[in-house]
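Peer 1: Structure: protein.txt, compact mmCIF, C-alpha atoms.
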# COMPACT_ATOMS: atom_id res chain seq x y z
CA MET Y 28 10.71 28.22 2.85
CA SER Y 29 14.38 27.71 3.34
CA ASN Y 30 16.48 25.18 5.10
CA ASP Y 31 18.65 26.37 7.97
CA TYR Y 32 20.29 22.97 8.17
CA ARG Y 33 22.47 23.11 5.11
CA PRO Y 34 25.68 21.40 6.10
CA SER Y 35 28.73 20.89 3.98
CA ASN Y 36 29.01 18.38 1.21
CA VAL Y 37 30.80 15.94 3.46
CA ASP Y 38 28.07 15.89 6.09
CA PRO Y 39 26.69 12.36 5.85
CA LEU Y 40 23.21 13.30 7.00
CA ALA Y 41 22.99 16.13 4.47
CA GLN Y 42 24.07 13.77 1.73
CA HIS Y 43 21.41 11.32 2.72
CA ILE Y 44 18.79 14.06 2.79
CA ASP Y 45 19.78 15.19 -0.68
CA SER Y 46 19.53 11.65 -1.95
CA ALA Y 47 16.09 11.15 -0.46
CA ARG Y 48 14.82 14.45 -1.84
CA ALA Y 49 15.36 13.45 -5.44
CA VAL Y 50 12.09 12.53 -7.13
CA PRO Y 51 12.08 11.33 -10.75
CA ASP Y 52 10.01 13.67 -12.88
CA ALA Y 53 8.52 10.80 -14.82
CA VAL Y 54 6.83 9.24 -11.80
CA VAL Y 55 5.54 12.63 -10.67
CA ASP Y 56 4.01 13.32 -14.06
CA ALA Y 57 2.43 9.89 -14.25
CA ALA Y 58 0.93 10.12 -10.79
CA GLN Y 59 -0.37 13.62 -11.43
CA ALA Y 60 -1.96 12.55 -14.69
CA ARG Y 61 -3.74 9.67 -13.01
CA LEU Y 62 -4.89 11.86 -10.15
CA GLN Y 63 -6.42 14.40 -12.48
CA GLN Y 64 -7.95 11.76 -14.67
CA ARG Y 65 -9.69 10.19 -11.69
CA LEU Y 66 -10.88 13.52 -10.48
CA HIS Y 67 -12.32 14.15 -13.88
CA THR Y 68 -13.96 10.78 -14.38
CA ARG Y 69 -15.04 9.57 -10.99
CA GLY Y 70 -14.70 12.34 -8.51
CA LEU Y 71 -11.44 10.98 -7.21
CA GLY Y 72 -12.14 7.31 -7.23
CA ARG Y 73 -8.96 5.92 -5.90
CA ALA Y 74 -6.75 3.59 -7.81
CA VAL Y 75 -7.26 -0.07 -7.42
CA ARG Y 76 -4.73 -0.91 -4.81
CA MET Y 77 -3.74 -4.49 -4.70
CA ARG Y 78 -0.81 -3.87 -2.46
CA TRP Y 79 -2.31 -3.64 1.02
CA LEU Y 80 -0.07 -5.88 3.00
CA PRO Y 81 2.51 -7.45 0.74
CA LEU Y 82 1.83 -10.64 2.58
CA ALA Y 83 -1.77 -10.58 1.53
CA GLY Y 84 -0.95 -9.73 -2.06
CA ALA Y 85 -1.98 -13.11 -3.27
CA THR Y 86 -5.22 -12.82 -1.39
CA ALA Y 87 -5.92 -9.41 -2.81
CA LEU Y 88 -5.17 -10.43 -6.35
CA ALA Y 89 -7.28 -13.50 -6.13
CA LEU Y 90 -10.18 -11.60 -4.69
CA ALA Y 91 -9.72 -8.92 -7.27
CA PHE Y 92 -10.71 -11.40 -9.86
CA LEU Y 93 -13.65 -12.68 -7.87
CA LEU Y 94 -15.02 -9.25 -7.37
CA ILE Y 95 -14.62 -7.92 -10.84
CA THR Y 96 -15.94 -10.88 -12.71
CA PRO Y 97 -19.61 -10.03 -12.11
CA MET Y 98 -19.06 -6.73 -13.85
CA LEU Y 99 -17.17 -7.82 -16.87
CA PRO Y 100 -18.95 -6.30 -19.83
CA LEU Y 101 -18.19 -8.83 -22.55
CA HIS Y 102 -19.46 -12.34 -23.15
CA ARG Y 103 -22.09 -12.00 -20.49
CA ASP Y 104 -23.95 -15.15 -21.43
CA ALA Y 105 -20.92 -17.36 -21.88
CA PHE Y 106 -19.38 -16.08 -18.71
CA ALA Y 107 -22.54 -16.18 -16.61
CA ALA Y 108 -21.93 -19.64 -15.22
CA VAL Y 109 -18.40 -18.74 -14.23
CA ARG Y 110 -19.64 -15.62 -12.49
CA ALA Y 111 -22.30 -17.64 -10.72
CA HIS Y 112 -19.71 -19.88 -9.12
CA PHE Y 113 -17.77 -16.95 -7.79
CA ALA Y 114 -20.88 -15.17 -6.62
CA ASN Y 115 -22.66 -18.05 -4.91
CA PHE Y 116 -20.08 -20.22 -3.21
CA ASN Y 117 -20.17 -21.17 0.46
CA THR Y 118 -16.44 -21.67 0.64
CA LEU Y 119 -13.69 -21.23 -1.87
CA THR Y 120 -10.25 -22.75 -1.49
CA MET Y 121 -7.37 -21.48 -3.58
CA GLN Y 122 -3.86 -22.80 -3.93
CA ILE Y 123 -1.75 -19.90 -5.08
CA GLU Y 124 1.79 -20.24 -6.39
CA GLN Y 125 3.68 -17.01 -6.77
CA HIS Y 126 6.62 -16.59 -9.12
CA PHE Y 127 8.91 -13.66 -9.59
CA GLY Y 128 11.22 -13.34 -12.54
CA GLY Y 129 10.40 -16.93 -13.42
CA GLN Y 130 11.51 -18.20 -10.02
CA PRO Y 131 9.07 -19.70 -7.48
CA LEU Y 132 8.50 -17.31 -4.64
CA GLN Y 133 6.01 -18.87 -2.30
CA THR Y 134 2.91 -21.02 -2.11
CA THR Y 135 -0.19 -19.75 -0.39
CA GLN Y 136 -3.40 -21.45 0.48
CA MET Y 137 -6.36 -19.15 0.79
CA ARG Y 138 -9.73 -20.20 2.15
CA LEU Y 139 -12.62 -17.84 1.81
CA ARG Y 140 -16.19 -17.85 3.12
CA ALA Y 141 -19.18 -16.22 1.54
CA ASP Y 142 -19.27 -13.54 4.26
CA GLY Y 143 -15.77 -12.40 3.31
CA SER Y 144 -13.93 -14.08 6.16
CA LEU Y 145 -10.73 -15.62 4.94
CA ARG Y 146 -7.55 -17.31 5.95
CA SER Y 147 -4.35 -17.01 3.98
CA ASP Y 148 -1.59 -19.46 4.88
CA VAL Y 149 1.71 -18.36 3.41
CA GLY Y 150 3.88 -21.42 3.24
CA ASP Y 151 4.13 -22.94 6.71
CA GLN Y 152 5.39 -19.75 8.27
CA VAL Y 153 2.59 -17.21 8.42
CA SER Y 154 -1.19 -17.13 8.45
CA VAL Y 155 -3.38 -14.10 8.04
CA ILE Y 156 -6.99 -14.41 9.13
CA ILE Y 157 -9.69 -11.87 8.47
CA ASP Y 158 -12.62 -12.65 10.74
CA ILE Y 159 -15.60 -10.69 9.50
CA PRO Y 160 -18.08 -11.68 12.25
CA GLN Y 161 -15.65 -10.60 14.96
CA HIS Y 162 -14.34 -7.73 12.86
CA ARG Y 163 -10.74 -8.62 13.58
CA MET Y 164 -7.60 -9.56 11.75
CA LEU Y 165 -5.17 -12.04 13.20
CA THR Y 166 -1.64 -12.65 12.00
CA LEU Y 167 0.10 -15.81 13.18
CA LEU Y 168 3.84 -16.38 12.96
CA HIS Y 169 4.18 -20.10 13.28
CA GLY Y 170 7.96 -20.16 13.80
CA PRO Y 171 8.12 -18.06 16.98
CA ARG Y 172 4.44 -18.86 17.65
CA GLU Y 173 3.48 -15.23 17.91
CA ALA Y 174 0.10 -13.64 17.20
CA LEU Y 175 -0.81 -10.09 16.30
CA SER Y 176 -4.48 -9.24 16.57
CA MET Y 177 -6.01 -6.01 15.43
CA GLU Y 178 -9.47 -4.65 14.88
CA LEU Y 179 -10.62 -4.15 11.35
CA PRO Y 180 -11.52 -0.58 10.55
CA ALA Y 181 -15.15 0.22 11.12
CA GLN Y 182 -15.74 2.35 8.10
CA PRO Y 183 -14.87 1.03 4.69
CA GLY Y 184 -13.11 3.62 2.63
CA SER Y 185 -11.25 5.28 5.43
CA THR Y 186 -7.53 5.65 5.17
CA ASP Y 187 -5.55 2.64 6.34
CA ASP Y 188 -8.62 0.52 5.96
CA ALA Y 189 -7.26 -2.93 5.48
CA LEU Y 190 -10.16 -3.77 3.23
CA ASN Y 191 -10.27 -0.63 1.16
CA TRP Y 192 -9.35 -2.57 -1.89
CA LEU Y 193 -12.49 -4.66 -1.66
CA GLN Y 194 -14.69 -1.71 -2.42
CA GLU Y 195 -12.24 -0.20 -4.84
CA ILE Y 196 -11.96 -3.36 -6.85
CA ARG Y 197 -15.71 -3.34 -7.33
CA GLN Y 198 -15.28 -0.27 -9.45
CA PHE Y 199 -12.84 -2.03 -11.69
CA GLN Y 200 -13.66 -2.56 -15.35
CA GLY Y 201 -12.12 -5.06 -17.70
CA GLU Y 202 -12.63 -7.06 -20.83
CA ALA Y 203 -12.90 -10.82 -21.27
CA GLU Y 204 -11.87 -12.64 -24.42
CA GLN Y 205 -12.55 -16.30 -24.95
CA MET Y 206 -9.50 -18.23 -26.06
CA GLN Y 207 -9.43 -20.76 -28.85
CA GLN Y 208 -7.36 -23.39 -27.09
CA THR Y 209 -8.44 -25.65 -24.28
CA ARG Y 210 -6.41 -27.16 -21.44
CA ASN Y 211 -6.60 -30.37 -19.50
CA ILE Y 212 -6.54 -29.71 -15.78
CA ALA Y 213 -6.53 -32.75 -13.49
CA GLY Y 214 -8.20 -34.77 -16.20
CA ILE Y 215 -10.87 -32.19 -16.94
CA GLU Y 216 -11.07 -30.27 -20.20
CA ALA Y 217 -11.21 -26.53 -19.60
CA SER Y 218 -11.79 -23.51 -21.82
CA GLY Y 219 -9.69 -20.39 -21.45
CA TRP Y 220 -10.66 -16.74 -20.95
CA LYS Y 221 -8.25 -13.85 -21.19
CA LEU Y 222 -8.75 -10.64 -19.27
CA THR Y 223 -6.61 -7.57 -18.95
CA LEU Y 224 -7.21 -5.44 -15.90
CA ARG Y 225 -4.93 -2.45 -15.99
CA SER Y 226 -1.49 -3.89 -15.31
CA THR Y 227 -2.75 -7.36 -14.50
CA SER Y 228 -3.28 -10.01 -17.16
CA LEU Y 229 -5.52 -12.92 -16.22
CA THR Y 230 -6.10 -16.23 -17.89
CA LEU Y 231 -8.99 -18.18 -16.42
CA TRP Y 232 -9.69 -21.84 -17.14
CA ALA Y 233 -13.20 -23.18 -16.59
CA THR Y 234 -15.23 -26.22 -17.59
CA ASP Y 235 -17.89 -25.92 -20.24
CA ASP Y 236 -20.53 -25.63 -17.55
CA GLY Y 237 -18.64 -22.74 -15.99
CA LEU Y 238 -16.82 -24.32 -13.06
CA PRO Y 239 -13.58 -22.35 -12.63
CA LEU Y 240 -10.59 -24.63 -12.22
CA ALA Y 241 -7.50 -22.49 -12.51
CA MET Y 242 -6.22 -19.05 -13.26
CA ALA Y 243 -2.90 -17.43 -14.09
CA MET Y 244 -2.25 -13.79 -13.23
CA GLU Y 245 0.65 -11.61 -14.28
CA GLN Y 246 1.38 -8.12 -13.07
CA SER Y 247 3.47 -6.19 -15.51
CA GLY Y 248 3.94 -3.29 -13.14
CA GLU Y 249 5.29 -5.29 -10.21
CA GLY Y 250 8.49 -6.56 -11.66
CA GLY Y 251 7.18 -9.68 -13.31
CA LEU Y 252 5.06 -11.15 -10.54
CA ARG Y 253 3.05 -14.16 -11.68
CA MET Y 254 0.50 -16.23 -9.81
CA ASP Y 255 -0.98 -19.58 -10.66
CA ILE Y 256 -4.17 -20.38 -8.81
CA ARG Y 257 -6.22 -23.57 -8.51
CA PHE Y 258 -9.84 -23.28 -7.36
CA GLU Y 259 -11.97 -25.66 -5.32
CA PHE Y 260 -15.51 -24.69 -4.39
CA ASP Y 261 -17.54 -25.51 -1.29
CA LEU Y 262 -15.07 -27.70 0.52
CA PRO Y 263 -15.91 -28.16 4.23
CA LEU Y 264 -14.31 -25.46 6.38
CA ALA Y 265 -14.15 -25.75 10.18
CA ASP Y 266 -15.14 -22.66 12.17
CA GLU Y 267 -11.71 -22.25 13.73
CA VAL Y 268 -10.07 -21.89 10.34
CA THR Y 269 -11.25 -18.30 10.00
CA SER Y 270 -11.52 -17.49 13.70
CA SER Y 271 -9.49 -14.57 15.00
CA ASN Y 272 -9.23 -16.16 18.46
CA VAL Y 273 -5.59 -16.64 19.30
CA PRO Y 274 -4.81 -20.34 19.21
CA ALA Y 275 -3.32 -22.11 22.20
CA GLY Y 276 0.43 -21.94 22.42
CA TYR Y 277 0.76 -18.56 20.69
CA THR Y 278 2.01 -15.42 22.43
CA VAL Y 279 0.16 -12.21 21.67
CA VAL Y 280 2.52 -9.45 20.55
CA GLU Y 281 1.58 -5.81 20.40
CA ALA Y 282 1.92 -3.48 17.47
CA ASP Y 283 4.59 -0.86 17.93
CA ALA Y 284 3.75 2.02 20.19
CA ASP Y 285 4.47 5.45 18.76
CA MET J 18 18.26 25.47 -1.99
CA THR J 19 15.13 26.36 -3.89
CA CYS J 20 11.96 25.36 -2.18
CA PRO J 21 9.95 22.92 -4.27
CA ILE J 22 6.69 24.27 -2.90
CA THR J 23 5.93 27.93 -3.14
CA VAL J 24 4.18 28.75 0.08
CA THR J 25 2.38 32.01 0.00
CA ARG J 26 0.44 33.43 2.88
CA SER J 27 -2.91 34.36 1.53
CA SER J 28 -5.18 36.79 3.18
CA ALA J 29 -8.13 34.82 1.87
CA VAL J 30 -8.88 31.80 4.04
CA ALA J 31 -10.59 29.08 2.07
CA SER J 32 -12.30 25.93 3.22
CA PRO J 33 -12.58 22.73 1.15
CA ALA J 34 -16.23 23.43 0.51
CA GLU J 35 -15.34 26.71 -1.07
CA LEU J 36 -12.62 25.23 -3.19
CA ASP J 37 -12.57 23.22 -6.29
CA ILE J 38 -10.70 20.12 -5.16
CA ALA J 39 -9.77 19.39 -8.75
CA GLN J 40 -8.10 22.74 -8.95
CA LEU J 41 -6.21 22.08 -5.74
CA ALA J 42 -5.09 18.75 -7.12
CA ARG J 43 -4.01 20.35 -10.35
CA LEU J 44 -2.02 23.03 -8.56
CA HIS J 45 -0.54 20.99 -5.77
CA GLY J 46 -0.93 17.33 -6.69
CA ALA J 47 2.64 17.00 -7.90
CA ALA J 48 4.00 18.60 -4.74
CA VAL J 49 1.91 16.28 -2.61
CA PHE J 50 3.26 13.30 -4.54
CA ARG J 51 6.84 14.52 -4.15
CA ALA J 52 6.37 14.98 -0.42
CA ALA J 53 5.13 11.41 -0.06
CA TYR J 54 7.77 9.99 -2.38
CA ARG J 55 10.62 11.57 -0.44
CA VAL J 56 9.50 9.75 2.66
CA LEU J 57 8.52 6.47 1.07
CA GLY J 58 10.86 6.16 -1.90
CA GLU J 59 8.30 4.20 -3.84
CA ALA J 60 6.07 5.58 -6.56
CA SER J 61 3.05 3.36 -6.05
CA ALA J 62 2.93 3.99 -2.31
CA ALA J 63 3.41 7.72 -2.84
CA GLU J 64 0.56 7.72 -5.32
CA ASP J 65 -1.69 6.09 -2.76
CA VAL J 66 -0.82 8.79 -0.28
CA GLN J 67 -1.37 11.49 -2.89
CA GLN J 68 -4.85 10.20 -3.61
CA ASP J 69 -5.66 9.71 0.07
CA VAL J 70 -4.79 13.31 0.79
CA PHE J 71 -7.26 14.61 -1.77
CA LEU J 72 -9.88 12.01 -0.93
CA ARG J 73 -9.77 13.13 2.67
CA LEU J 74 -10.30 16.66 1.52
CA LEU J 75 -13.44 15.58 -0.28
CA GLU J 76 -14.67 13.66 2.73
CA SER J 77 -13.68 16.10 5.43
CA LYS J 78 -15.79 18.71 7.06
CA PRO J 79 -14.94 22.16 5.79
CA GLU J 80 -12.38 23.93 7.90
CA PRO J 81 -10.40 27.04 7.23
CA VAL J 82 -6.99 26.52 5.72
CA ASP J 83 -4.60 29.41 5.74
CA CYS J 84 -1.98 28.03 3.44
CA TRP J 85 -2.88 25.15 1.17
CA PRO J 86 0.63 24.17 0.00
CA ALA J 87 1.91 23.79 3.55
CA TYR J 88 -1.31 22.08 4.63
CA LEU J 89 -1.18 19.55 1.82
CA CYS J 90 2.55 18.98 2.17
CA THR J 91 2.11 18.33 5.88
CA ALA J 92 -0.81 15.98 5.29
CA ALA J 93 1.17 14.01 2.74
CA THR J 94 4.24 13.80 4.94
CA ARG J 95 2.26 12.66 7.95
CA ALA J 96 0.43 10.02 5.95
CA ALA J 97 3.66 8.86 4.34
CA ILE J 98 5.42 8.54 7.68
CA ASP J 99 2.53 6.56 9.09
CA ARG J 100 2.67 4.30 6.08
CA LEU J 101 6.44 3.90 6.34
CA ARG J 102 6.14 3.01 10.00
CA LYS J 103 3.39 0.55 9.29
CA GLN J 104 5.44 -1.09 6.55
CA HIS J 105 8.36 -1.30 8.90
CA ARG J 106 6.25 -2.89 11.63
CA TRP J 107 4.99 -5.50 9.25
CA TRP J 108 8.35 -6.32 7.83
CA ARG J 109 9.83 -6.58 11.26
CA LEU J 110 6.99 -8.72 12.46
CA LEU J 111 7.13 -10.87 9.36
CA SER J 112 10.87 -11.12 9.39
CA SER J 113 10.68 -14.64 8.19
CA LEU J 114 9.44 -13.31 4.87
CA ARG J 115 11.93 -10.51 4.57
CA LEU J 116 13.61 -12.05 1.59
CA GLN J 117 10.52 -11.28 -0.44
CA ARG J 118 10.70 -7.60 0.16
CA PRO J 119 12.89 -6.58 -2.76
CA ALA J 120 10.76 -8.48 -5.20
CA ALA J 121 7.49 -7.18 -3.87
CA MET J 122 8.63 -3.62 -3.63
CA ALA J 123 10.85 -3.31 -6.65
CA SER J 124 11.51 0.32 -7.44
CA VAL J 125 14.04 2.62 -8.94
CA GLU J 126 15.63 2.75 -5.53
CA GLN J 127 17.68 -0.38 -5.68
CA SER J 128 20.95 0.67 -7.14
CA GLY J 129 23.46 3.45 -6.84
CA VAL J 130 24.93 5.40 -4.01
CA ASP J 131 22.11 7.91 -3.89
CA SER J 132 19.56 5.17 -3.72
CA GLU J 133 21.42 3.45 -0.94
CA ARG J 134 21.67 6.67 1.02
CA ALA J 135 18.00 7.41 0.56
CA HIS J 136 17.13 3.90 1.63
CA GLN J 137 19.29 4.22 4.73
CA LEU J 138 17.67 7.50 5.69
CA ARG J 139 14.16 6.08 5.31
CA THR J 140 15.14 3.03 7.30
CA ALA J 141 16.52 5.23 10.06
CA LEU J 142 13.47 7.49 9.94
CA VAL J 143 11.19 4.78 11.27
CA THR J 144 13.32 4.47 14.40
CA LEU J 145 12.37 8.01 15.42
CA SER J 146 9.18 8.82 17.25
CA ARG J 147 6.36 9.78 14.92
CA ARG J 148 6.57 13.41 15.96
CA GLU J 149 10.33 13.57 15.46
CA ALA J 150 9.98 11.93 12.07
CA GLN J 151 7.30 14.40 11.08
CA CYS J 152 9.34 17.39 12.16
CA PHE J 153 12.47 16.12 10.46
CA SER J 154 10.73 15.25 7.22
CA LEU J 155 8.83 18.51 7.01
CA ARG J 156 11.96 20.51 7.73
CA HIS J 157 14.63 18.76 5.76
CA MET J 158 12.82 16.75 3.11
CA GLN J 159 9.96 19.14 2.41
CA GLN J 160 11.82 22.27 3.56
CA LEU J 161 9.08 23.94 5.50
CA GLU J 162 9.95 26.72 7.91
CA ILE J 163 9.98 25.91 11.60
CA SER J 164 7.07 28.27 12.15
CA GLU J 165 5.07 26.43 9.50
CA ILE J 166 5.87 23.08 11.07
CA ALA J 167 4.88 24.36 14.48
CA GLU J 168 1.56 25.55 13.14
CA ALA J 169 0.90 22.43 11.10
CA LEU J 170 1.66 20.08 13.97
CA SER J 171 0.21 22.28 16.72
CA MET J 172 3.55 22.52 18.47
CA SER J 173 5.56 25.42 19.78
CA GLU J 174 8.56 26.45 17.73
CA ASN J 175 10.78 25.53 20.65
CA ASN J 176 9.39 22.03 20.72
CA VAL J 177 9.90 21.71 16.99
CA GLY J 178 13.50 22.76 17.48
CA VAL J 179 14.02 20.18 20.19
CA ALA J 180 12.43 17.44 18.10
CA LEU J 181 14.61 18.38 15.15
CA HIS J 182 17.75 18.35 17.26
CA ARG J 183 16.96 14.92 18.65
CA ALA J 184 16.04 13.60 15.24
CA ARG J 185 19.29 14.78 13.70
CA ARG J 186 21.40 13.25 16.43
CA ARG J 187 19.62 9.94 16.21
CA LEU J 188 19.73 9.84 12.45
CA GLU J 189 23.40 10.74 12.38
CA ALA J 190 24.12 7.90 14.77
CA GLN J 191 22.00 5.46 12.81
CA ILE J 192 23.56 6.41 9.51
CA ALA J 193 27.07 6.19 10.93
CA THR J 194 26.28 2.68 12.11
CA MET J 195 24.81 1.69 8.77
CA THR J 196 27.76 3.12 6.90
CA ALA J 197 30.23 1.29 9.15
CA GLU J 198 28.35 -1.94 8.61
CA THR J 199 28.36 -1.39 4.87
CA ILE J 200 32.10 -0.77 4.82
CA ALA J 201 32.75 -3.76 7.06
Using structure tokens, write down the structure from this file.
Peer 2:
Amino acid sequence: MSNDYRPSNVDPLAQHIDSARAVPDAVVDAAQARLQQRLHTRGLGRAVRMRWLPLAGATALALAFLLITPMLPLHRDAFAAVRAHFANFNTLTMQIEQHFGGQPLQTTQMRLRADGSLRSDVGDQVSVIIDIPQHRMLTLLHGPREALSMELPAQPGSTDDALNWLQEIRQFQGEAEQMQQTRNIAGIEASGWKLTLRSTSLTLWATDDGLPLAMAMEQSGEGGLRMDIRFEFDLPLADEVTSSNVPAGYTVVEADAD
Amino acid sequence: MTCPITVTRSSAVASPAELDIAQLARLHGAAVFRAAYRVLGEASAAEDVQQDVFLRLLESKPEPVDCWPAYLCTAATRAAIDRLRKQHRWWRLLSSLRLQRPAAMASVEQSGVDSERAHQLRTALVTLSRREAQCFSLRHMQQLEISEIAEALSMSENNVGVALHRARRRLEAQIATMTAETIA
């Protein structure tokens, strides 16, 4: 292969192309090593991807914990009650505070049903709703009152599947370590558990009978992103909260045409 | 310029079922990652594309492939462009959250003239049609021959040439605008 478009050094487009073509060897080597390792160990099980939509990052991270906890190999007995809460809830409400570089980034409220439907309200600006019964995702921009509705992919595991990470996270393995210290959360004494899941460090606080109250998550690979989460189980949740029907007063906008 | 991917026309036509995917990944995984990275400019996203390309191979029905390097490079570029366009759609739609973007997508591409140029090119790339972006990326970022692009995208060579011409003109205009805004 050769390039017949090889303009002079002062051609702006050529300069931009040259800049974009540069790929650091270190990231290539790291990616290649991980690819081959996964091929070797799991027949190309894909990496746990907690990126999905950046907007839904908090949702993904929170659910990552929920989904991996049943498989944590250590302290099975002591952790059983905690796992039971995450496995058997009707609704779960999470208040998620995100920090980056020590600075507050945003506050998100996430409400989740047992069937996987969820609503993530990012500040007062944006809501993302995943409606499992209707198999749709709805994004609401509250400022301009715009709505973007799209169908969820039919086949989990396909490329661009918005919920790929759900299945992938189930394959995740981690270790739990009970902490010595306790913490008082809203007047309730809680014990701490430490978990390290690849680049994400979790500290979970739960009562002695296993009711999870709070969790802190830090991602070392994402530039110092930290999340503090408060849990509330089985609060009443109206049907419309996780409905993908476009609410009155919102204009439906289309995704870009190609 | 030396081509980063050695494309050899093999007389033996192999299908995925006949191949060891692990061997393909070992031979061409780095090139697939590079192809995705050049379009996306972000290691984690490029790694996702790299893995998707090989996962699709595992999941796909066997079909003859004449030239694996070009096939894989094209697959990675197409997937990366789709991802770039999707990212752009979301960030445009969620413009109210745009300030979060640098934090959420921190990468090595946030300082320096080269990084700024690369960022500008990727930003301009999403304003092209998907087909123009594919042709441009395969030609100038992955350095495939026009005949290879035509075959990979099921286009005539003439149409590839037209798409490339349009893409260049549009990108040149976009970059000139961005540069003027930067200077101003």
Peer 1: Closest to Y:Asp45 among J:Ile192, J:Val177, J:Ser132, J:Ile38, using all atoms listed in the file?
Peer 2: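 Checking each of J:Ile192, J:Val177, J:Ser132, J:Ile38 against Y:Asp45, counting all atoms listed in the file, the winner is J:Ser132.
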Peer 1: Using only C-alpha atoms, which of J:Arg187, J:Arg73, J:Arg134, J:His45 sits nearest chain Y?
Peer 2: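 Of the candidates, the smallest distance to chain Y is held by J:Arg134.
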Peer 1: With distances taken over all atoms listed in the file, which residue among Y:Arg48, Y:Arg257, Y:His112, Y:Arg163 lies nearest chain J?
Peer 2: Y:Arg48
Peer 1: Taking into account all atoms listed in the file, which residue in the set Y:Ala233, Y:Ile156, Y:Val280, Y:Val268 is nearest to chain J?
Peer 2: Y:Val280
Peer 1: Do you know which residues are at most 10 Å from Y:Thr278 counting all atoms listed in the file, after dropping those on the same chain fewer than 4 positions away, and could you put them as a list in words?
Peer 2: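 Within the cut-off, the hits are Leu167, Leu168, Pro171, Arg172, Glu173, Ala174, Leu175, Val273 and Pro274 of chain Y.
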Peer 1: Can you write just those residues out, C-alpha atoms, as a PDB file, in the frame of the given file?
Peer 2:
ATOM      1  CA  LEU Y 167       0.100 -15.810  13.180  1.00  0.00           C
ATOM      2  CA  LEU Y 168       3.840 -16.380  12.960  1.00  0.00           C
ATOM      3  CA  PRO Y 171       8.120 -18.060  16.980  1.00  0.00           C
ATOM      4  CA  ARG Y 172       4.440 -18.860  17.650  1.00  0.00           C
ATOM      5  CA  GLU Y 173       3.480 -15.230  17.910  1.00  0.00           C
ATOM      6  CA  ALA Y 174       0.100 -13.640  17.200  1.00  0.00           C
ATOM      7  CA  LEU Y 175      -0.810 -10.090  16.300  1.00  0.00           C
ATOM      8  CA  VAL Y 273      -5.590 -16.640  19.300  1.00  0.00           C
ATOM      9  CA  PRO Y 274      -4.810 -20.340  19.210  1.00  0.00           C
TER      10      PRO Y 274
END
Peer 1: Write out as a list in words the residues lying within 10 Å of J:Tyr54, counting all atoms listed in the file and excluding same-chain residues fewer than 4 positions away.
Peer 2: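 Counting only the stated atoms, we get Ala47, Arg48, Ala49, Val50, Pro51, Val54 and Val55 of chain Y; Ala48, Val49, Phe50, Gly58, Glu59, Ala60, Ser61, Ala62, Ala63, Glu64, Val66, Gln67, Ala93, Thr94 and Ala97 of chain J.
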Peer 1: One number please: atom CA of J:Leu57 to atom CA of J:Gln104, in Å, one decimal.
Peer 2: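 Atom-to-atom, atom CA of J:Leu57 to atom CA of J:Gln104, that is 9.8 Å.
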Peer 1: In Å, how far is it from atom CA of Y:Phe113 to atom CA of Y:Phe258?
Peer 2: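 About the pair atom CA of Y:Phe113 and atom CA of Y:Phe258: they are 10.2 Å apart.
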Peer 1: Please, what is the axis-aligned box for every listed atom of stretch 269-282 of chain Y with 6 Å on each side, as centre and edge lengths in Å to one decimal, as JSON?
Peer 2:
{"center_x": -4.5, "center_y": -12.8, "center_z": 16.2, "size_x": 26.0, "size_y": 30.6, "size_z": 24.4}
Peer 1: What is the atom CA of Y:Val149 to atom CA of Y:Thr230 distance in Å?
Peer 2: 22.8 Å
Peer 1: Which is closer to chain Y than all the others in J:Ala53, J:Leu89, J:Ala197, J:Leu138, using all atoms listed in the file?
Peer 2: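 Closest to chain Y of all the choices is J:Leu138.
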Peer 1: Check the smallest atom-to-atom distance from each of Y:Pro160, Y:Leu119, Y:Asp38, Y:Val279 to Y:Ser176 using all atoms listed in the file, then report the winner.
Peer 2: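 When distances to Y:Ser176 are compared using all atoms listed in the file, the smallest one comes from Y:Val279.
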Peer 1: Need to verify the contact set: Y:Gly143, 9 Å, all atoms listed in the file, exclusion of same-chain residues closer than 3 positions in sequence. Can you return it as a list in words?
Peer 2: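 In the requested format, the answer is Leu139, Arg140, Ile157, Asp158 and Ile159 of chain Y.
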Peer 1: Please identify all polymer residues within 8 Å of Y:Gln59, counting all atoms listed in the file, omitting same-chain residues fewer than 6 positions from it, and present them as a short mmCIF file (atom, residue, chain, number, x, y, z; two decimals) with C-alpha atoms, keeping the file's coordinate frame.
Peer 2:
data_model
loop_
_atom_site.label_atom_id
_atom_site.label_comp_id
_atom_site.auth_asym_id
_atom_site.auth_seq_id
_atom_site.Cartn_x
_atom_site.Cartn_y
_atom_site.Cartn_z
CA ARG J 43 -4.01 20.35 -10.35
CA GLY J 46 -0.93 17.33 -6.69
CA ALA J 47 2.64 17.00 -7.90
CA PHE J 50 3.26 13.30 -4.54
#
